[in-house]
Amino acid sequence: MPAFVIEGQRPIQGVVTPIGNKNAALPLLSACLLTDEPVTLHNVPQIGDIRTMLHILEALGVEYDESGSSITLCAKHLHSTAPDPNRFAKIRGSLTLMGPLLARRGHFAVSATAGGDDIGRRRIDTHLQVFNALGASLSQNGAFELRARGRLHGQDILLDEASVTATENGIMAAALAKGTTVLRNAASEPHVQDLCHLLTAMGCPIEGIGGNTLVIHGQESLGSAEIFVSPDYMEIGSYIALGAITRGELSIQGVSPDHLRMIRMVFGERLGVRMRLEEDAQAPRTYPYTLVVEDEQELCIKADFGGAVPKIDDMPWPGFPPDLISVALVAATQAQGTVVVHQKMFESRLFFVDKLIAMGAQIILCDPHRAVVVGPSRLYGQPVSSPDIRAGMALVLAALAAEGKTTIGNIGQIDRGYERIDDKLRALGAQIERIE
């Protein structure tokens, strides 16, 4: 099995450009199913999950052409509404196929459950709530199957939770529904906004983009469009933590300031990371800003008023993203002070901390959702294994801060969400080797 071998405590500095947002690119790929005309996506990350989704779409009859990080897709010859179950089961993003296939062909069927990271239960009940309200029915006779009798009909729907993928499925299903659909308690993350902007460009007017109430005006058909996938703020957050704990100046080029407000607040005000935002003529024109993580950081956790122990907790957008809890926890191990890390959404996401404890971190796992981190800790290289995408990246960061050599196994998980991360880190000065 492939693994990373990392020699820690090497100077890390330089300029890095984040990939396109993985969580935006997957539903944007699915959106091509809503039209016979070409859809072009720019700044698509070249990672494992994207490759899996392209294989799924190709098997359904979608034709696509790649040029660097740009992909043009055309679903004119769509011939199936049943995704390959083996590939469907590999990634969580495959769920976003349900809405467009149901809207376009009135049918979706698969004999597998969606995959992705093993971080706890990830319900799909909100997806079913939306589809049922729009006029689809579910049957499970040896397969998971959704059917609609004729065209879906717009409704006013209050989602039972602000689920990102359920919101995305609801938006895509409503785009071809008859009449207007209102989604209340909708997710509003940047990747949801990217999808709304694409569908608007395809000819479906959407009101309330960026908020928690979306009004989708369904159309009989949609046309061609193109979009630039926004920078992956999860990867940017990982680079912020990397620069903070390796003590070199790191410039992250081509960022969206609006996507980073809470991330900068938590890393900057809670953990004491010094960073500055600069306008940069060399950055991509769509996002002409660079975030500079300054060198020689002296991280210090800021206590709450009265000296109380502070916390880092995840929340729906615009709160702190759940996917950055793992890397924030690693950064906290290198900061002076004590902080409670509260991961609310998934009951298995914090279970990787035993690997950090083995490396020397002072962490108390209180329960599946909370950990107390006392820092700073001297970390030492150990053989570890990546349990999921974000924990895998957190272990890479810990290895770069640790004394000695760390071997990280199961790096296929990391490759699912980070594009050529070993090449990028080597360019910044890291000693990291990929072995088979």
# chains A, B, ... in the order shown; residues from 1 in each chain; ligands from 1
call {"tool": "residues_around", "arguments": {"residues": "Arg276 in chain A", "least_positions_apart": "4", "cutoff": "7 Å", "atoms": "only C-alpha atoms", "output": "VMD selection string"}}
result
chain A and resid 291 to 293
call {"tool": "select_by_dssp", "arguments": {"residues": "range 125-303 of chain A", "states": "strand (DSSP E)", "output": "PyMOL selection string"}}
result
chain A and resi 136-140+144-148+156-158+180-184+206-207+213-217+225-228+250-253+275-279+289-293
call {"tool": "residues_around", "arguments": {"residues": "Lys355 in chain A", "least_positions_apart": "4", "cutoff": "9 Å", "atoms": "only C-alpha atoms", "output": "list in words"}}
result
Phe351, Met359, Gly360, Ala361, Gln382, Pro383, Val384, Ser385 and Leu395 of chain A
call {"tool": "closest_residue", "arguments": {"among": "A:Gln413, A:Gln155, A:Ser224, A:Ser111", "to": "Pro38 in chain A", "atoms": "only C-alpha atoms"}}
result
A:Ser224
call {"tool": "closest_residue", "arguments": {"among": "A:His197, A:Arg92, A:His42, A:His107", "to": "Thr286 in chain A", "atoms": "only C-alpha atoms"}}
result
A:His42
call {"tool": "atom_distance", "arguments": {"atom1": "CA of Val372 in chain A", "atom2": "CA of Gln343 in chain A"}}
result
11.5 Å
call {"tool": "residues_around", "arguments": {"residues": "Leu299 in chain A", "least_positions_apart": "5", "cutoff": "7 Å", "atoms": "only C-alpha atoms", "output": "MDAnalysis selection string"}}
result
chainID A and resid 271:273 334:336
call {"tool": "write_last_selection", "arguments": {"atoms": "N, CA and C atoms", "output": "short mmCIF file (atom, residue, chain, number, x, y, z; two decimals), in the first residue's frame"}}
result
data_model
loop_
_atom_site.label_atom_id
_atom_site.label_comp_id
_atom_site.auth_asym_id
_atom_site.auth_seq_id
_atom_site.Cartn_x
_atom_site.Cartn_y
_atom_site.Cartn_z
N LEU A 271 -6.04 30.91 18.13
CA LEU A 271 -4.75 30.21 18.25
C LEU A 271 -3.55 31.13 18.10
N GLY A 272 -3.77 32.38 17.75
CA GLY A 272 -2.68 33.33 17.70
C GLY A 272 -1.84 33.31 16.45
N VAL A 273 -2.37 32.77 15.34
CA VAL A 273 -1.62 32.74 14.09
C VAL A 273 -1.57 34.15 13.49
N GLN A 334 0.50 22.76 19.09
CA GLN A 334 1.73 23.53 19.03
C GLN A 334 1.57 24.94 19.61
N ALA A 335 0.44 25.20 20.24
CA ALA A 335 0.16 26.52 20.81
C ALA A 335 0.23 26.47 22.33
N GLN A 336 0.66 27.55 22.93
CA GLN A 336 0.72 27.65 24.39
C GLN A 336 -0.70 27.83 24.94
#
call {"tool": "residues_around", "arguments": {"residues": "Ala281 in chain A", "least_positions_apart": "6", "cutoff": "12 Å", "atoms": "only C-alpha atoms", "output": "number ranges by chain"}}
result
A: 253-254, 287-290
call {"tool": "write_last_selection", "arguments": {"atoms": "N, CA and C atoms", "output": "PDB file, in the first residue's frame"}}
result
ATOM      1  N   GLN A 253      -1.721  31.819  -2.538  1.00  0.00           N
ATOM      2  CA  GLN A 253      -2.058  32.724  -3.628  1.00  0.00           C
ATOM      3  C   GLN A 253      -3.379  32.348  -4.294  1.00  0.00           C
ATOM      4  N   GLY A 254      -4.250  33.350  -4.469  1.00  0.00           N
ATOM      5  CA  GLY A 254      -5.525  33.117  -5.140  1.00  0.00           C
ATOM      6  C   GLY A 254      -6.601  32.656  -4.178  1.00  0.00           C
ATOM      7  N   TYR A 287      -9.612  35.605  -8.381  1.00  0.00           N
ATOM      8  CA  TYR A 287      -9.400  35.748  -6.938  1.00  0.00           C
ATOM      9  C   TYR A 287      -8.034  36.386  -6.707  1.00  0.00           C
ATOM     10  N   PRO A 288      -7.930  37.712  -6.869  1.00  0.00           N
ATOM     11  CA  PRO A 288      -6.623  38.381  -6.848  1.00  0.00           C
ATOM     12  C   PRO A 288      -6.124  38.733  -5.439  1.00  0.00           C
ATOM     13  N   TYR A 289      -6.167  37.784  -4.536  1.00  0.00           N
ATOM     14  CA  TYR A 289      -5.700  38.017  -3.175  1.00  0.00           C
ATOM     15  C   TYR A 289      -4.757  36.901  -2.746  1.00  0.00           C
ATOM     16  N   THR A 290      -3.776  37.262  -1.918  1.00  0.00           N
ATOM     17  CA  THR A 290      -2.852  36.300  -1.330  1.00  0.00           C
ATOM     18  C   THR A 290      -2.911  36.438   0.185  1.00  0.00           C
TER      19      THR A 290
END
call {"tool": "select_by_dssp", "arguments": {"residues": "range 165-386 of chain A", "states": "alpha helix (DSSP H)", "output": "MDAnalysis selection string"}}
result
chainID A and resid 165:175 190:201 233:246 261:264 325:333 353:358
call {"tool": "residues_around", "arguments": {"residues": "range 209-214 of chain A", "least_positions_apart": "4", "cutoff": "6 Å", "atoms": "only C-alpha atoms", "output": "VMD selection string"}}
result
chain A and resid 182 to 186 188 193
call {"tool": "write_last_selection", "arguments": {"atoms": "C-alpha atoms", "output": "mmCIF file, in the first residue's frame"}}
result
data_model
loop_
_atom_site.group_PDB
_atom_site.id
_atom_site.type_symbol
_atom_site.label_atom_id
_atom_site.label_comp_id
_atom_site.auth_asym_id
_atom_site.auth_seq_id
_atom_site.Cartn_x
_atom_site.Cartn_y
_atom_site.Cartn_z
ATOM 1 C CA VAL A 182 -38.475 27.637 -1.890
ATOM 2 C CA LEU A 183 -35.841 25.846 0.194
ATOM 3 C CA ARG A 184 -35.792 27.075 3.793
ATOM 4 C CA ASN A 185 -33.056 26.191 6.308
ATOM 5 C CA ALA A 186 -30.859 25.600 3.259
ATOM 6 C CA SER A 188 -25.185 28.278 2.267
ATOM 7 C CA GLN A 193 -23.130 29.173 -3.878
#
call {"tool": "closest_residue", "arguments": {"among": "A:Ile245, A:Phe267, A:Asn43, A:Gly429", "to": "Leu379 in chain A", "atoms": "only C-alpha atoms"}}
result
A:Ile245
call {"tool": "closest_residue", "arguments": {"among": "A:Pro83, A:Gly237, A:Pro322, A:Gly404", "to": "Glu58 in chain A", "atoms": "only C-alpha atoms"}}
result
A:Pro83
call {"tool": "closest_atom_pairs", "arguments": {"of": "range 133-192 of chain A", "to": "range 72-81 of chain A", "cutoff": "12 Å", "atoms": "only C-alpha atoms", "output": "CSV"}}
result
residue,atom,partner,partner_atom,distance
A:Phe144,CA,A:Thr81,CA,12.0
A:Glu145,CA,A:Thr81,CA,10.0
A:Leu146,CA,A:Thr81,CA,10.1
A:Arg147,CA,A:Thr81,CA,10.6
call {"tool": "write_last_selection", "arguments": {"atoms": "C-alpha atoms", "output": "short mmCIF file (atom, residue, chain, number, x, y, z; two decimals), in the first residue's frame"}}
result
data_model
loop_
_atom_site.label_atom_id
_atom_site.label_comp_id
_atom_site.auth_asym_id
_atom_site.auth_seq_id
_atom_site.Cartn_x
_atom_site.Cartn_y
_atom_site.Cartn_z
CA PHE A 144 -32.56 2.19 -3.83
CA GLU A 145 -34.92 3.68 -6.42
CA LEU A 146 -36.56 7.07 -6.85
CA ARG A 147 -39.34 7.72 -9.37
#
call {"tool": "atom_distance", "arguments": {"atom1": "CA of Val110 in chain A", "atom2": "CA of Glu168 in chain A"}}
result
19.0 Å
call {"tool": "decode", "arguments": {"residues": "range 159-187 of chain A", "atoms": "N, CA and C atoms", "output": "CSV table (one decimal), in the first residue's frame"}}
result
chain,number,residue,atom,x,y,z
A,159,LEU,N,-36.3,22.4,5.2
A,159,LEU,CA,-35.4,21.2,5.4
A,159,LEU,C,-35.3,20.9,6.9
A,160,ASP,N,-35.3,19.6,7.2
A,160,ASP,CA,-35.2,19.3,8.6
A,160,ASP,C,-33.8,19.5,9.2
A,161,GLU,N,-32.8,19.7,8.3
A,161,GLU,CA,-31.4,20.1,8.8
A,161,GLU,C,-30.8,20.8,7.6
A,162,ALA,N,-29.8,21.6,7.9
A,162,ALA,CA,-29.1,22.4,6.8
A,162,ALA,C,-28.1,21.6,6.2
A,163,SER,N,-28.5,20.5,5.5
A,163,SER,CA,-27.6,19.6,4.9
A,163,SER,C,-27.1,20.1,3.6
A,164,VAL,N,-25.7,20.1,3.4
A,164,VAL,CA,-25.2,20.7,2.2
A,164,VAL,C,-25.6,19.9,0.9
A,165,THR,N,-25.4,18.5,1.0
A,165,THR,CA,-25.7,17.7,-0.2
A,165,THR,C,-27.2,17.7,-0.5
A,166,ALA,N,-28.0,17.7,0.6
A,166,ALA,CA,-29.5,17.7,0.4
A,166,ALA,C,-29.9,19.0,-0.2
A,167,THR,N,-29.3,20.1,0.2
A,167,THR,CA,-29.6,21.4,-0.4
A,167,THR,C,-29.2,21.4,-1.9
A,168,GLU,N,-28.0,20.9,-2.2
A,168,GLU,CA,-27.6,20.8,-3.6
A,168,GLU,C,-28.5,19.9,-4.4
A,169,ASN,N,-28.9,18.8,-3.9
A,169,ASN,CA,-29.8,17.9,-4.6
A,169,ASN,C,-31.2,18.7,-4.8
A,170,GLY,N,-31.6,19.4,-3.8
A,170,GLY,CA,-32.9,20.1,-3.9
A,170,GLY,C,-32.8,21.2,-5.0
A,171,ILE,N,-31.7,21.9,-5.0
A,171,ILE,CA,-31.6,23.0,-6.0
A,171,ILE,C,-31.6,22.4,-7.4
A,172,MET,N,-30.9,21.3,-7.6
A,172,MET,CA,-30.8,20.7,-9.0
A,172,MET,C,-32.1,20.1,-9.4
A,173,ALA,N,-32.8,19.5,-8.5
A,173,ALA,CA,-34.1,18.9,-8.8
A,173,ALA,C,-35.1,20.0,-9.1
A,174,ALA,N,-35.1,21.1,-8.3
A,174,ALA,CA,-36.0,22.2,-8.5
A,174,ALA,C,-35.8,23.0,-9.8
A,175,ALA,N,-34.5,22.9,-10.3
A,175,ALA,CA,-34.2,23.7,-11.5
A,175,ALA,C,-35.0,23.3,-12.7
A,176,LEU,N,-35.4,22.0,-12.8
A,176,LEU,CA,-36.3,21.6,-13.9
A,176,LEU,C,-37.7,21.2,-13.5
A,177,ALA,N,-38.1,21.6,-12.2
A,177,ALA,CA,-39.4,21.4,-11.7
A,177,ALA,C,-40.4,22.5,-12.3
A,178,LYS,N,-41.6,22.1,-12.3
A,178,LYS,CA,-42.7,23.1,-12.7
A,178,LYS,C,-42.9,24.1,-11.6
A,179,GLY,N,-42.8,25.4,-11.9
A,179,GLY,CA,-43.1,26.4,-10.9
A,179,GLY,C,-41.9,26.7,-10.0
A,180,THR,N,-42.1,27.3,-8.9
A,180,THR,CA,-41.1,27.9,-8.0
A,180,THR,C,-41.0,27.0,-6.8
A,181,THR,N,-39.7,26.8,-6.4
A,181,THR,CA,-39.4,26.0,-5.2
A,181,THR,C,-38.7,26.9,-4.2
A,182,VAL,N,-39.1,26.9,-3.0
A,182,VAL,CA,-38.5,27.6,-1.9
A,182,VAL,C,-37.9,26.6,-0.9
A,183,LEU,N,-36.5,26.7,-0.8
A,183,LEU,CA,-35.8,25.8,0.2
A,183,LEU,C,-35.5,26.7,1.4
A,184,ARG,N,-36.1,26.4,2.5
A,184,ARG,CA,-35.8,27.1,3.8
A,184,ARG,C,-34.9,26.2,4.7
A,185,ASN,N,-34.1,26.9,5.5
A,185,ASN,CA,-33.1,26.2,6.3
A,185,ASN,C,-32.1,25.5,5.4
A,186,ALA,N,-31.8,26.1,4.2
A,186,ALA,CA,-30.9,25.6,3.3
A,186,ALA,C,-29.4,25.9,3.7
A,187,ALA,N,-28.5,25.0,3.3
A,187,ALA,CA,-27.1,25.2,3.5
A,187,ALA,C,-26.7,26.4,2.6
